[in-house]
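Peer 1: Structure file upload18.txt (compact mmCIF, C-alpha atoms) is given on the next line.
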```txt
# COMPACT_ATOMS: atom_id res chain seq x y z
CA MET A 2 27.80 -56.73 54.83
CA ARG A 3 25.81 -59.14 52.89
CA ASN A 4 23.64 -56.47 51.40
CA LEU A 5 26.55 -54.12 50.83
CA PHE A 6 28.57 -56.38 48.54
CA PRO A 7 26.01 -57.01 45.86
CA ARG A 8 25.16 -53.24 45.77
CA THR A 9 28.82 -52.30 45.40
CA LEU A 10 29.23 -54.94 42.75
CA GLN A 11 26.12 -53.70 41.03
CA THR A 12 27.39 -50.11 41.01
CA THR A 13 30.78 -51.17 39.77
CA ILE A 14 29.25 -53.14 36.96
CA ILE A 15 27.09 -50.20 35.94
CA PHE A 16 30.11 -47.87 35.94
CA LEU A 17 32.07 -50.36 33.89
CA ILE A 18 29.26 -50.66 31.38
CA VAL A 19 28.80 -46.91 31.10
CA GLY A 20 32.56 -46.36 30.93
CA GLY A 21 32.80 -49.02 28.27
CA ILE A 22 30.02 -47.44 26.24
CA MET A 23 31.67 -44.01 26.58
CA ALA A 24 35.01 -45.44 25.58
CA LEU A 25 33.44 -47.09 22.55
CA ALA A 26 31.63 -43.86 21.70
CA LEU A 27 34.78 -41.79 22.06
CA GLY A 28 36.57 -44.34 20.01
CA GLY A 29 34.13 -43.72 17.18
CA TYR A 30 32.35 -47.02 17.29
CA PHE A 31 28.95 -45.40 17.88
CA SER A 32 29.39 -42.51 15.44
CA SER A 33 26.34 -43.19 13.32
CA ALA A 34 24.17 -43.73 16.38
CA SER A 35 25.56 -40.65 18.18
CA ASN A 36 25.11 -38.55 15.05
CA VAL A 37 21.46 -39.40 14.96
CA PHE A 38 21.13 -38.70 18.62
CA THR A 39 23.03 -35.42 18.70
CA GLY A 40 21.38 -34.29 15.47
CA SER A 41 18.01 -34.85 17.05
CA LEU A 42 19.10 -32.95 20.11
CA VAL A 43 20.41 -30.05 18.06
CA ASN A 44 17.23 -29.89 16.00
CA LEU A 45 15.15 -30.02 19.14
CA GLN A 46 17.20 -27.25 20.75
CA ALA A 47 17.00 -25.18 17.59
CA TRP A 48 13.24 -25.60 17.55
CA PHE A 49 12.94 -24.52 21.15
CA SER A 50 15.35 -21.66 20.61
CA ALA A 51 13.42 -20.41 17.59
CA ARG A 52 10.14 -20.53 19.49
CA TYR A 53 11.71 -18.77 22.44
CA MET A 54 13.16 -16.02 20.24
CA ALA A 55 9.78 -15.58 18.59
CA VAL A 56 8.08 -15.24 21.94
CA GLN A 57 10.78 -12.86 23.13
CA ASP A 58 10.39 -10.73 20.01
CA PHE A 59 6.67 -10.69 20.51
CA PHE A 60 7.04 -9.24 23.98
CA THR A 61 10.06 -6.98 23.48
CA SER A 62 9.59 -5.55 19.96
CA PRO A 63 6.69 -3.20 20.86
CA ARG A 64 8.95 -1.57 23.40
CA ASP A 65 11.64 -1.24 20.74
CA MET A 66 9.14 0.24 18.29
CA ALA A 67 8.02 2.76 20.85
CA SER A 68 11.57 3.74 21.61
CA LEU A 69 12.36 3.92 17.86
CA ARG A 70 9.33 6.08 17.27
CA GLN A 71 10.34 8.40 20.05
CA THR A 72 13.87 8.60 18.71
CA ASN A 73 12.50 9.18 15.22
CA ALA A 74 10.24 11.97 16.46
CA GLU A 75 13.14 13.59 18.28
CA LEU A 76 15.30 13.37 15.18
CA GLU A 77 12.54 14.76 13.00
CA ALA A 78 12.08 17.67 15.37
CA GLU A 79 15.80 18.29 15.29
CA VAL A 80 15.85 18.13 11.49
CA ALA A 81 12.93 20.58 11.31
CA GLU A 82 14.70 22.96 13.67
CA LEU A 83 17.91 22.71 11.66
CA GLN A 84 16.00 23.27 8.42
CA SER A 85 14.40 26.40 9.83
CA GLN A 86 17.83 27.57 10.93
CA VAL A 87 19.16 26.91 7.44
CA ILE A 88 16.31 28.89 5.88
CA GLN A 89 16.84 31.73 8.34
CA LEU A 90 20.55 31.76 7.62
CA GLN A 91 19.92 31.67 3.88
CA GLN A 92 17.61 34.66 4.26
CA GLU A 93 20.24 36.48 6.27
CA VAL A 94 22.87 35.65 3.68
CA GLY A 95 20.56 36.95 0.94
CA GLN A 96 19.89 40.14 2.85
CA THR A 97 23.57 40.57 3.55
CA GLN A 98 24.35 40.17 -0.14
CA VAL A 99 21.73 42.75 -1.05
CA LEU A 100 23.02 45.11 1.62
CA ALA A 101 26.59 44.65 0.38
CA ALA A 102 25.43 45.43 -3.14
CA LEU A 103 23.62 48.52 -1.88
CA VAL A 104 26.74 49.66 -0.04
CA ASP A 105 28.81 49.14 -3.19
CA PHE A 106 26.25 51.12 -5.15
CA SER A 107 26.36 53.99 -2.66
CA ARG A 108 30.16 53.99 -2.71
CA LEU A 109 30.11 54.32 -6.48
CA ARG A 110 28.05 57.49 -6.11
CA PRO A 111 29.50 59.33 -3.14
CA GLU A 112 27.75 62.54 -4.13
CA ASN A 113 24.41 61.07 -3.03
CA LYS A 114 23.18 60.38 0.47
CA TYR A 115 21.02 57.31 0.95
CA ALA A 116 18.55 55.95 3.44
CA ALA A 117 17.98 52.22 3.29
CA ALA A 118 14.43 50.92 3.64
CA ALA A 119 12.61 47.62 3.46
CA VAL A 120 9.61 47.03 1.23
CA ILE A 121 6.74 46.03 3.54
CA GLY A 122 3.79 46.02 1.19
CA ARG A 123 2.26 46.72 -2.17
CA ASP A 124 -0.66 48.80 -3.30
CA PRO A 125 -3.97 46.97 -2.73
CA SER A 126 -5.20 48.05 -6.17
CA PRO A 127 -4.11 45.94 -9.16
CA PHE A 128 -4.30 49.00 -11.40
CA LEU A 129 -1.44 50.78 -9.65
CA HIS A 130 2.19 49.87 -9.14
CA TYR A 131 3.22 51.24 -5.78
CA VAL A 132 5.18 49.76 -2.91
CA ILE A 133 5.23 50.75 0.74
CA ILE A 134 8.55 51.14 2.57
CA ASN A 135 9.25 51.28 6.29
CA ARG A 136 10.93 54.70 6.37
CA GLY A 137 9.09 57.99 6.58
CA SER A 138 9.42 61.63 7.46
CA ASN A 139 11.07 60.73 10.80
CA GLU A 140 14.10 59.59 8.77
CA GLY A 141 14.06 62.64 6.50
CA ILE A 142 12.13 61.06 3.63
CA LEU A 143 10.26 63.62 1.55
CA ARG A 144 7.85 63.44 -1.35
CA GLY A 145 9.58 63.27 -4.73
CA MET A 146 12.82 61.66 -3.57
CA PRO A 147 14.12 59.02 -6.01
CA VAL A 148 14.27 55.40 -4.90
CA VAL A 149 16.85 52.97 -6.27
CA THR A 150 18.30 49.54 -5.70
CA HIS A 151 21.85 48.46 -6.40
CA GLN A 152 20.64 47.55 -9.89
CA GLY A 153 18.99 50.80 -10.85
CA LEU A 154 16.05 53.15 -10.56
CA ILE A 155 12.73 51.85 -9.25
CA GLY A 156 10.65 54.99 -8.68
CA ARG A 157 10.10 57.95 -6.40
CA ILE A 158 8.37 58.76 -3.14
CA ASP A 159 4.70 59.56 -3.69
CA ALA A 160 3.38 60.00 -0.16
CA VAL A 161 4.95 60.05 3.29
CA ILE A 162 3.81 59.52 6.86
CA ALA A 163 5.95 59.45 9.98
CA ASP A 164 7.27 55.90 9.73
CA ALA A 165 6.36 54.79 6.23
CA ALA A 166 6.22 56.02 2.68
CA ARG A 167 4.57 55.03 -0.57
CA VAL A 168 6.77 54.70 -3.66
CA GLN A 169 5.42 55.08 -7.16
CA LEU A 170 7.30 52.56 -9.31
CA ILE A 171 8.40 53.49 -12.80
CA THR A 172 6.20 50.63 -14.03
CA ASP A 173 3.06 52.42 -12.80
CA PRO A 174 0.76 53.45 -15.67
CA ALA A 175 0.80 57.05 -14.41
CA SER A 176 4.61 57.19 -14.23
CA SER A 177 6.68 59.09 -16.76
CA VAL A 178 10.47 59.40 -16.64
CA ASN A 179 12.68 61.47 -18.89
CA VAL A 180 15.46 59.22 -20.13
CA ARG A 181 18.33 59.15 -22.56
CA LEU A 182 19.74 56.35 -24.66
CA GLN A 183 23.40 55.89 -23.95
CA ASN A 184 24.43 54.72 -27.42
CA ALA A 185 22.07 56.82 -29.49
CA GLU A 186 22.62 60.02 -27.51
CA THR A 187 18.97 60.93 -27.71
CA GLU A 188 16.30 61.62 -25.17
CA ALA A 189 12.87 60.11 -24.76
CA SER A 190 10.08 59.49 -22.30
CA LEU A 191 9.66 56.24 -20.44
CA VAL A 192 6.12 55.33 -19.38
CA GLY A 193 4.76 52.42 -17.40
CA SER A 194 1.68 50.37 -18.04
CA ILE A 195 -0.98 48.41 -16.24
CA THR A 196 0.90 45.17 -16.94
CA GLY A 197 4.18 46.54 -15.65
CA ASP A 198 5.80 46.79 -19.08
CA LEU A 199 8.02 49.78 -19.77
CA THR A 200 7.66 51.62 -23.07
CA LEU A 201 9.94 54.26 -24.50
CA GLU A 202 8.06 56.97 -26.33
CA LEU A 203 8.85 60.21 -28.16
CA ILE A 204 11.97 58.81 -29.85
CA PRO A 205 12.64 60.83 -33.01
CA GLN A 206 12.26 58.86 -36.25
CA ASP A 207 15.74 59.77 -37.51
CA ILE A 208 17.48 58.16 -34.56
CA ASP A 209 18.87 54.65 -34.97
CA ILE A 210 18.23 52.59 -31.89
CA GLU A 211 19.02 48.92 -31.44
CA ARG A 212 18.27 46.11 -29.07
CA GLY A 213 20.55 46.21 -26.06
CA ASP A 214 20.88 49.98 -25.94
CA LEU A 215 21.13 51.15 -22.35
CA VAL A 216 18.42 53.44 -20.99
CA LEU A 217 19.43 55.97 -18.31
CA THR A 218 17.67 58.84 -16.59
CA SER A 219 18.40 62.15 -18.31
CA GLY A 220 17.73 64.43 -15.37
CA LEU A 221 15.52 66.65 -17.50
CA GLY A 222 12.49 68.00 -15.72
CA GLY A 223 14.16 67.74 -12.35
CA GLY A 224 12.21 64.70 -11.27
CA TYR A 225 15.16 62.31 -11.12
CA PRO A 226 18.92 62.70 -10.91
CA PRO A 227 20.75 61.94 -14.18
CA ASP A 228 22.51 58.72 -15.19
CA LEU A 229 20.56 56.23 -13.10
CA ILE A 230 20.29 52.92 -14.96
CA ILE A 231 16.79 51.82 -15.90
CA GLY A 232 17.15 48.98 -18.39
CA GLN A 233 17.85 47.87 -21.92
CA ILE A 234 15.87 48.10 -25.11
CA VAL A 235 14.50 44.74 -26.16
CA ASN A 236 12.17 45.67 -28.99
CA VAL A 237 11.84 48.62 -31.37
CA ARG A 238 8.65 49.59 -33.19
CA ARG A 239 9.22 51.95 -36.05
CA ARG A 240 6.45 52.84 -38.49
CA ASP A 241 6.85 55.37 -41.25
CA PHE A 242 3.52 57.06 -40.66
CA ASP A 243 4.19 57.66 -36.95
CA LEU A 244 5.77 60.83 -35.66
CA PHE A 245 7.96 58.96 -33.21
CA GLN A 246 9.41 55.52 -32.67
CA GLN A 247 8.49 53.33 -29.74
CA ALA A 248 10.59 50.79 -27.90
CA THR A 249 10.04 48.24 -25.18
CA VAL A 250 12.45 48.35 -22.28
CA GLN A 251 13.52 45.44 -20.12
CA PRO A 252 14.15 46.88 -16.63
CA VAL A 253 17.29 45.86 -14.79
CA VAL A 254 15.31 45.65 -11.56
CA ASP A 255 13.00 42.72 -10.84
CA PHE A 256 10.01 44.62 -9.50
CA ASN A 257 8.40 41.46 -8.15
CA GLN A 258 11.34 40.75 -5.85
CA LEU A 259 11.88 44.12 -4.20
CA GLU A 260 13.07 43.72 -0.62
CA LEU A 261 15.55 46.45 0.24
CA VAL A 262 15.78 49.84 -1.45
CA LEU A 263 17.72 53.07 -1.12
CA VAL A 264 16.12 56.50 -1.00
CA ILE A 265 18.32 59.32 -2.29
CA VAL A 266 17.68 61.79 0.52
CA ASN A 267 19.80 64.70 -0.70
CA PHE A 268 17.98 65.04 -4.02
CA GLU A 269 15.49 67.87 -4.20
CA PRO A 270 13.03 67.39 -7.04
CA VAL A 271 12.16 70.47 -9.08
CA ASP A 272 8.49 71.25 -9.47
CA ILE A 273 8.13 72.49 -13.03
CA ALA A 274 4.35 72.66 -12.92
CA PRO A 275 4.31 76.48 -12.63
CA LEU A 276 6.45 76.67 -15.77
CA LEU A 277 4.11 74.62 -17.89
CA PRO A 278 1.89 76.65 -20.21
CA VAL A 279 -1.71 76.91 -19.13
CA PRO A 280 -4.22 76.59 -21.97
CA THR A 281 -6.27 79.73 -22.34
CA PRO A 282 -9.92 79.48 -23.22
CA MET B 7 -19.24 46.81 22.00
CA ARG B 8 -19.89 44.19 19.35
CA ASN B 9 -18.64 46.54 16.69
CA LEU B 10 -15.22 46.67 18.33
CA VAL B 11 -14.42 43.36 16.66
CA ALA B 12 -14.31 45.33 13.41
CA VAL B 13 -11.06 47.04 14.41
CA PRO B 14 -8.77 43.99 14.50
CA VAL B 15 -10.58 42.27 11.64
CA ILE B 16 -10.36 45.25 9.28
CA LEU B 17 -6.77 46.02 10.25
CA LEU B 18 -5.71 42.40 9.78
CA THR B 19 -7.51 42.17 6.45
CA VAL B 20 -5.96 45.32 5.03
CA ILE B 21 -2.50 44.37 6.30
CA LEU B 22 -2.84 40.91 4.76
CA GLN B 23 -4.01 42.48 1.52
CA SER B 24 -1.06 44.85 1.31
CA ALA B 25 1.66 42.54 2.61
CA VAL B 26 0.65 39.18 1.16
CA ILE B 27 -2.30 39.10 -1.23
CA SER B 28 -1.00 41.98 -3.36
CA ARG B 29 2.17 40.01 -4.08
CA VAL B 30 0.29 37.00 -5.47
CA TYR B 31 -0.39 37.74 -9.11
CA LEU B 32 -2.45 35.90 -11.66
CA LEU B 33 -1.37 37.59 -14.89
CA SER B 34 -1.68 41.19 -13.66
CA GLY B 35 -4.67 40.64 -11.41
CA ILE B 36 -4.73 40.24 -7.66
CA ALA B 37 -7.40 39.25 -5.18
CA ASP B 38 -9.29 41.82 -3.11
CA LEU B 39 -9.49 40.36 0.37
CA PRO B 40 -11.29 43.35 1.99
CA LEU B 41 -14.01 43.14 -0.66
CA VAL B 42 -14.54 39.42 -0.13
CA MET B 43 -14.46 39.87 3.65
CA LEU B 44 -17.11 42.61 3.51
CA ALA B 45 -19.33 40.59 1.20
CA ALA B 46 -19.13 37.58 3.52
CA TRP B 47 -19.76 39.69 6.62
CA ALA B 48 -22.76 41.51 5.13
CA LEU B 49 -24.35 38.18 4.18
CA GLN B 50 -24.38 36.86 7.74
CA GLU B 51 -27.65 36.80 9.63
CA GLY B 52 -28.05 39.43 12.30
CA VAL B 53 -25.19 41.57 11.07
CA ASP B 54 -26.29 45.18 10.90
CA SER B 55 -22.93 46.93 11.02
CA ALA B 56 -21.65 46.10 7.55
CA TRP B 57 -22.11 49.71 6.45
CA HIS B 58 -19.69 50.94 9.05
CA TRP B 59 -17.27 48.17 8.19
CA ALA B 60 -17.42 49.10 4.49
CA ILE B 61 -16.73 52.78 5.09
CA ALA B 62 -13.93 52.12 7.56
CA THR B 63 -12.30 49.53 5.29
CA GLY B 64 -12.66 51.80 2.27
CA LEU B 65 -11.05 54.73 4.06
CA LEU B 66 -8.18 52.56 5.28
CA VAL B 67 -7.56 51.06 1.84
CA GLY B 68 -7.81 54.54 0.33
CA PHE B 69 -5.22 55.76 2.80
CA ILE B 70 -2.76 53.01 1.89
CA SER B 71 -3.41 52.91 -1.82
CA GLY B 72 -2.37 55.42 -4.42
CA ILE B 73 -5.85 55.44 -5.88
CA SER B 74 -8.46 57.95 -4.76
CA TRP B 75 -10.26 57.01 -1.54
CA VAL B 76 -13.56 57.41 -3.40
CA VAL B 77 -12.99 54.12 -5.23
CA PRO B 78 -12.69 51.76 -2.25
CA VAL B 79 -15.31 53.56 -0.18
CA ALA B 80 -17.90 53.63 -2.96
CA GLY B 81 -16.99 50.15 -4.15
CA TYR B 82 -17.21 48.52 -0.73
CA VAL B 83 -20.46 50.30 0.13
CA ALA B 84 -21.85 49.01 -3.17
CA VAL B 85 -20.81 45.50 -2.17
CA VAL B 86 -22.71 45.83 1.12
CA VAL B 87 -25.79 47.13 -0.72
CA LEU B 88 -25.59 44.14 -3.04
CA ALA B 89 -25.22 41.79 -0.11
CA TYR B 90 -28.34 43.13 1.60
CA LEU B 91 -30.27 42.84 -1.64
CA PHE B 92 -29.11 39.30 -2.26
CA GLN B 93 -29.65 38.29 1.34
CA ARG B 94 -33.35 39.01 1.00
CA ARG B 95 -33.74 37.28 -2.34
CA VAL B 96 -31.46 34.24 -2.28
CA TRP B 97 -31.19 33.70 1.44
CA GLN B 98 -31.54 29.93 1.03
CA ALA B 99 -28.32 29.71 -0.98
CA PRO B 100 -25.76 31.85 0.84
CA LEU B 101 -22.82 30.52 -1.16
CA LEU B 102 -24.55 31.36 -4.42
CA ALA B 103 -25.18 34.84 -3.07
CA MET B 104 -21.54 35.05 -1.97
CA PHE B 105 -20.25 34.14 -5.42
CA SER B 106 -22.64 36.53 -7.11
CA ILE B 107 -21.71 39.44 -4.86
CA THR B 108 -17.99 38.70 -5.23
CA PHE B 109 -18.31 38.62 -9.00
CA ILE B 110 -20.40 41.77 -9.34
CA GLY B 111 -18.53 43.61 -6.58
CA THR B 112 -15.16 42.95 -8.20
CA LEU B 113 -16.44 44.33 -11.47
CA ILE B 114 -17.85 47.41 -9.74
CA VAL B 115 -14.60 48.19 -7.92
CA SER B 116 -12.57 47.55 -11.08
CA PHE B 117 -14.72 49.79 -13.27
CA LEU B 118 -14.67 52.49 -10.60
CA SER B 119 -10.86 52.28 -10.54
CA VAL B 120 -10.62 52.43 -14.31
CA GLY B 121 -13.03 55.36 -14.42
CA ILE B 122 -11.16 57.38 -11.82
CA LEU B 123 -7.75 56.64 -13.35
CA SER B 124 -8.95 57.45 -16.86
CA PHE B 125 -10.44 60.67 -15.54
CA SER B 126 -7.00 61.45 -14.06
CA GLY B 127 -5.42 61.05 -17.48
CA VAL B 128 -3.93 57.59 -17.08
CA ASP B 129 -3.99 55.57 -20.29
CA LEU B 130 -5.52 52.14 -19.61
CA PRO B 131 -6.10 49.88 -22.64
CA LEU B 132 -9.47 48.22 -22.13
CA SER B 133 -8.30 44.86 -23.47
CA ASP B 134 -5.50 44.73 -20.91
CA VAL B 135 -7.84 45.88 -18.16
CA LEU B 136 -10.38 43.19 -18.94
CA GLY B 137 -8.14 40.29 -19.84
CA LEU B 138 -5.14 40.78 -17.60
CA VAL B 139 -6.50 42.48 -14.50
CA MET B 140 -10.25 42.18 -14.04
CA LEU B 141 -10.93 38.58 -15.01
CA PRO B 142 -7.93 37.15 -13.11
CA GLY B 143 -8.99 39.30 -10.16
CA VAL B 144 -12.52 37.90 -10.34
CA LEU B 145 -11.16 34.36 -10.42
CA LEU B 146 -8.89 34.93 -7.43
CA ASN B 147 -11.71 36.54 -5.47
CA MET B 148 -13.93 33.54 -6.25
CA LEU B 149 -11.24 31.24 -4.90
CA LEU B 150 -11.10 33.28 -1.70
CA ALA B 151 -14.88 33.44 -1.34
CA ILE B 152 -15.53 30.06 0.28
CA PRO B 153 -12.83 30.10 3.00
CA VAL B 154 -13.49 33.73 3.82
CA TYR B 155 -17.23 33.06 4.02
CA ALA B 156 -16.59 30.20 6.45
CA VAL B 157 -14.37 32.35 8.65
CA MET B 158 -16.81 35.26 8.69
CA ARG B 159 -19.73 32.91 9.43
CA ASP B 160 -17.91 31.62 12.50
CA LEU B 161 -17.07 35.17 13.52
CA ALA B 162 -20.69 36.26 13.11
CA ARG B 163 -21.90 33.33 15.22
CA TRP B 164 -19.44 34.31 17.91
CA VAL B 165 -20.34 38.01 17.82
CA TYR B 166 -24.08 37.51 17.30
CA PRO B 167 -24.95 34.23 19.04
CA ALA B 168 -28.35 32.80 18.17
CA PRO B 169 -30.90 33.11 21.01
CA GLU B 170 -31.51 29.82 22.79
CA VAL B 171 -34.98 28.35 22.28
CA GLU B 172 -36.47 26.75 25.38
```
Give the structure from the file, written as structure tokens.
Peer 2:
Amino acid sequence: MRNLFPRTLQTTIIFLIVGGIMALALGGYFSSASNVFTGSLVNLQAWFSARYMAVQDFFTSPRDMASLRQTNAELEAEVAELQSQVIQLQQEVGQTQVLAALVDFSRLRPENKYAAAAVIGRDPSPFLHYVIINRGSNEGILRGMPVVTHQGLIGRIDAVIADAARVQLITDPASSVNVRLQNAETEASLVGSITGDLTLELIPQDIDIERGDLVLTSGLGGGYPPDLIIGQIVNVRRRDFDLFQQATVQPVVDFNQLELVLVIVNFEPVDIAPLLPVPTP
Amino acid sequence: MRNLVAVPVILLTVILQSAVISRVYLLSGIADLPLVMLAAWALQEGVDSAWHWAIATGLLVGFISGISWVVPVAGYVAVVVLAYLFQRRVWQAPLLAMFSITFIGTLIVSFLSVGILSFSGVDLPLSDVLGLVMLPGVLLNMLLAIPVYAVMRDLARWVYPAPEVE
């Protein structure tokens, strides 16, 4: 009992002192001192928190980077796949547009029968202007048949095998097409060149021709059907001492971008070679 | 059996020439991949079948092209002859020999083409032929020479492995 009393008294006194201090603090009497104390605590906690976050970042960020890289790689692969799909679809749209134009062209000329073909190659020699198409004698393609696009004439079949054919373009230096000028109502000869330029020759001097005149096949000679569009005159060369005028023709067809063509399969070219005079010695 | 490798190589070369290389123009000139391939093949050590390759390639190109088969066959055989001559004289500088053969071979094939076409009655202005077709073609062939030489060297090492020295 003797020992118990002073201990109880001691505890009570301590509680009273602490309670009194708390009451004074809550009453605002220790505000400056508590501000210093709590400020120090907050700063200390902030310091520890910042260090902890730094350490946490140090250990966790590599994992995040790896996961971000993986996600990035997956997204890049997806983007690449979508881009290839877009390119493929654009190609299909382009081919569909060309096919639609070819169908429109064939509808405008119901008298002709066509076989569509894709251009799969060009002549290996730079001195010749030929293309190779993926249709041959198995599809009824014969030598001499005219080849067109929806824009106009491009040439005629030069050689045929079972599943392919070689087309001599009208830009070939050995090509010659009998043509007529729509506005001038005159006929001439269209020849190609090694550079792919088209030149109109044998135009009579008394004929007035102008830039923009339309050049069409005449059908003379039996090599091509009449009235196929070839191009427009862009330049006229007329010299008084020449027998004929010359003109440069801008073709309507872009010969560097040939993809799909039509072969006129019901046209039978006429071989006029036996009718040509043979020079006698 | 070693010569069987010629079949896929020649076919691939001619297909590439017709489908891809012939569409890549510099002015009006294009590269001649079969010519460069034959020059590179004939320059490799141990290769003794370049003649057959040249004739086969020439016939195939002549079959595809509108030009007479005489031009590619004679032109490519001339390239192989040149390669054998150069191989004996400038064997220490194979790339120099490669460039020289490519340059001279391109001119030979071009002049053969012009000769045959002119003989057939085709009008070919010489200025256009030289400036717009031949010189750009030479330049493009020169550009192809180094990568094609590297590929054919690897192929030759694979087909004709060097004997191991003990």
Peer 1: Which polymer residues, protein or nucleic acid, are no farther than 9 Å from (-7.3, 37.0, -8.2), counting all atoms listed in the file, as a PyMOL selection string?
Peer 2: chain B and resi 27+30-38+139-150
Peer 1: Considering only C-alpha atoms, state which residue in the set B:Gly52, B:Tyr166, B:Leu132, B:Arg8 is at the smallest distance from chain A.
Peer 2: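 The answer is B:Leu132, which sits nearest to chain A.
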Peer 1: What is the CA of Leu170 in chain A to CA of Ile121 in chain A distance in Å?
Peer 2: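 Answer for the CA of Leu170 in chain A to CA of Ile121 in chain A separation: 14.4 Å.
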Peer 1: May I ask which of the residues A:Leu229, A:Met54, A:Ile133, A:Val80 is the closest one to chain B, counting all atoms listed in the file?
Peer 2: A:Ile133
Peer 1: What are the residues of chain B that have an atom within 10 Å of an atom of chain A, counting all atoms listed in the file, as a ChimeraX atom specification?
Peer 2: /B:20-31,33-40,67-68,70-73,77-78,115-116,119-120,123,126-131,134-135,138-140,143
